[in-house]
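Q: Submitted below is the structure of interest, expressed as structure tokens.
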Amino acid sequence: MMHLSAALATPFIDPLEAHRLWWVFLVPLALLISLAYKAVRQPTLDHIVRDVALMTAQVLIGMVALGAALFLFIEWIVPALVTPGT
Amino acid sequence: MTAAPRQDESPGLDPLAGFLALVLPGLGHAFRGQVLRGVLIGAGILGLFAGGILIGGITVVDSRSDRTETRISFIGQAFVGPVAFAVNTVHQSSFKGLDPLTNTRRHALPDERIENGRIRPMSLGAADGDPPVHVSIGKMHEIGVLYCLVAGMLNFIAFLDALRPPAKSRDDDEPVRTTGVVAGMLSGQSAGGTA
């Protein structure tokens, strides 16, 4: 349930009350980075939509893969190294 | 024997386009005639900057922040151009007050209010109401700062691209993919064939 102060928050002045959904903001971040980067780097803009979608997917998959790899490292590999034989 | 014209000759520096790219993201490319490219660059970079302020509030752009990472991040955010400096100026002047005890400018705490540019505790008779700004914390602040910082870094890339564009004009025809020795060999071969 939205807090009263969040309901009264002024957009662009006060922060959003979305701490539990912080990861959702990584999607528009990847999309806008891809849009600006591809607009600069692509020789032609004929396939800009496809290129931006592809780079966005690559960035998101990369972030998920990095997160999964770090999770495995911290939850499985590090404990195994610290307590050998368990 | 005359040398064949090089196809990979750079058009050289364009200081005005570079300056315009720093004034407003995408304006440098639009000035060079690549309007659609400029619009897309502007949409991406200004979208990131506005998105960062929407997520983390105006406190994510703060050149005099108490938080070191936020203060350092403003160096990167500044590459967005005058927009970033305008937001920072509004933030410093309208949402911070002078602390009479330390003689420094800071945000008002929840039990304080800003009156005539000075921070005054409510216990000393400051008017009731909400503080002028809720300072963002945690993930919302980090993501907001990240959005604005990435916007500045991307505009730096766009600035370099507008200042010194690639070898051949883009959007006109196929780009030149071979440069240097390979391009010289190809142009020499072409000249030899037509001689």
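Labeling convention for the structure tokens: chains A, B, ... as they appear, residues from 1 per chain, ligands from 1 in order of appearance.
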Output the contact residues of chain B with respect to chain A at a cut-off of 6 Å, based on only C-alpha atoms, as number ranges by chain.
A: B: 37, 41, 44, 53-58, 133-134, 136, 170-171
Q: Convert the current residue selection to file output with N, CA and C atoms, as a PDB file, in the first residue's frame.
A:
ATOM      1  N   ARG B  37      19.357  11.315 -36.387  1.00  0.00           N
ATOM      2  CA  ARG B  37      20.365  10.811 -35.448  1.00  0.00           C
ATOM      3  C   ARG B  37      20.421  11.726 -34.211  1.00  0.00           C
ATOM      4  N   ILE B  41      19.647  10.647 -30.345  1.00  0.00           N
ATOM      5  CA  ILE B  41      20.655  10.868 -29.299  1.00  0.00           C
ATOM      6  C   ILE B  41      20.061  11.716 -28.171  1.00  0.00           C
ATOM      7  N   GLY B  44      17.541   9.716 -26.104  1.00  0.00           N
ATOM      8  CA  GLY B  44      18.181   8.752 -25.217  1.00  0.00           C
ATOM      9  C   GLY B  44      18.841   9.414 -24.027  1.00  0.00           C
ATOM     10  N   ILE B  53      16.202  11.844 -12.513  1.00  0.00           N
ATOM     11  CA  ILE B  53      15.609  12.812 -11.577  1.00  0.00           C
ATOM     12  C   ILE B  53      14.220  12.337 -11.138  1.00  0.00           C
ATOM     13  N   LEU B  54      13.494  11.706 -12.053  1.00  0.00           N
ATOM     14  CA  LEU B  54      12.168  11.181 -11.695  1.00  0.00           C
ATOM     15  C   LEU B  54      12.296  10.082 -10.640  1.00  0.00           C
ATOM     16  N   ILE B  55      13.280   9.209 -10.796  1.00  0.00           N
ATOM     17  CA  ILE B  55      13.431   8.064  -9.881  1.00  0.00           C
ATOM     18  C   ILE B  55      13.970   8.517  -8.526  1.00  0.00           C
ATOM     19  N   GLY B  56      15.051   9.293  -8.543  1.00  0.00           N
ATOM     20  CA  GLY B  56      15.717   9.638  -7.287  1.00  0.00           C
ATOM     21  C   GLY B  56      15.406  11.027  -6.762  1.00  0.00           C
ATOM     22  N   GLY B  57      14.613  11.789  -7.500  1.00  0.00           N
ATOM     23  CA  GLY B  57      14.333  13.162  -7.077  1.00  0.00           C
ATOM     24  C   GLY B  57      15.467  14.092  -7.459  1.00  0.00           C
ATOM     25  N   ILE B  58      15.265  15.362  -7.187  1.00  0.00           N
ATOM     26  CA  ILE B  58      16.247  16.366  -7.617  1.00  0.00           C
ATOM     27  C   ILE B  58      17.563  16.239  -6.842  1.00  0.00           C
ATOM     28  N   VAL B 133      11.877  19.236   0.238  1.00  0.00           N
ATOM     29  CA  VAL B 133      12.257  18.091  -0.581  1.00  0.00           C
ATOM     30  C   VAL B 133      12.532  16.906   0.325  1.00  0.00           C
ATOM     31  N   HIS B 134      12.128  15.711  -0.158  1.00  0.00           N
ATOM     32  CA  HIS B 134      12.473  14.474   0.533  1.00  0.00           C
ATOM     33  C   HIS B 134      13.769  13.952  -0.077  1.00  0.00           C
ATOM     34  N   SER B 136      16.416  11.490  -1.255  1.00  0.00           N
ATOM     35  CA  SER B 136      16.347  10.069  -1.606  1.00  0.00           C
ATOM     36  C   SER B 136      17.465   9.302  -0.917  1.00  0.00           C
ATOM     37  N   ARG B 170      27.770   9.589 -42.824  1.00  0.00           N
ATOM     38  CA  ARG B 170      26.856   8.497 -42.637  1.00  0.00           C
ATOM     39  C   ARG B 170      25.469   8.912 -43.105  1.00  0.00           C
ATOM     40  N   ASP B 171      24.596   7.938 -43.185  1.00  0.00           N
ATOM     41  CA  ASP B 171      23.209   8.142 -43.602  1.00  0.00           C
ATOM     42  C   ASP B 171      23.084   8.458 -45.093  1.00  0.00           C
TER      43      ASP B 171
END
Q: Between B:Leu149, B:Leu163, B:Leu40, B:Ile119, which is the closest to B:Ile72 once you count only C-alpha atoms?
A: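 Of B:Leu149, B:Leu163, B:Leu40, B:Ile119, the one nearest B:Ile72 is B:Leu149, counting only C-alpha atoms.
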Q: If you measure from atom CA of A:Ala65 to atom CA of A:Thr83, what distance in Å do you get, rounded to one decimal?
A: 26.1 Å
Q: Could you name the residues that touch stretch 74-90 of chain B at 9 Å or less, counting only C-alpha atoms, but leaving out those on the same chain fewer than 2 positions away, as a ChimeraX atom specification?
A: /B:21-25,45-46,49,58-64,69-72,92-95,145,148-156,159
Q: Hey, which of B:Arg164, B:Arg113, B:Arg120, B:Arg67 ends up closest to B:Pro100? Count only C-alpha atoms.
A: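 Smallest distance to B:Pro100 is found for B:Arg120.
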Q: DSSP on the backbone, then: every residue of stretch 2-175 of chain B marked helix (DSSP H, G or I), written as a ChimeraX atom specification.
A: /B:15-23,27-31,35-56,58-60,68-80,82-94,122-124,138-163
Q: So the first atom is atom CA of A:Val24 and the second is atom CA of A:Val49; what is the distance between them in Å, to one decimal place?
A: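 Separation between atom CA of A:Val24 and atom CA of A:Val49: 21.3 Å.
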Q: Mind pulling up the distance from atom CA of A:Ala68 to atom CA of B:Leu48?
A: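 Interatomic distance, atom CA of B:Leu48 to atom CA of A:Ala68: 26.3 Å.
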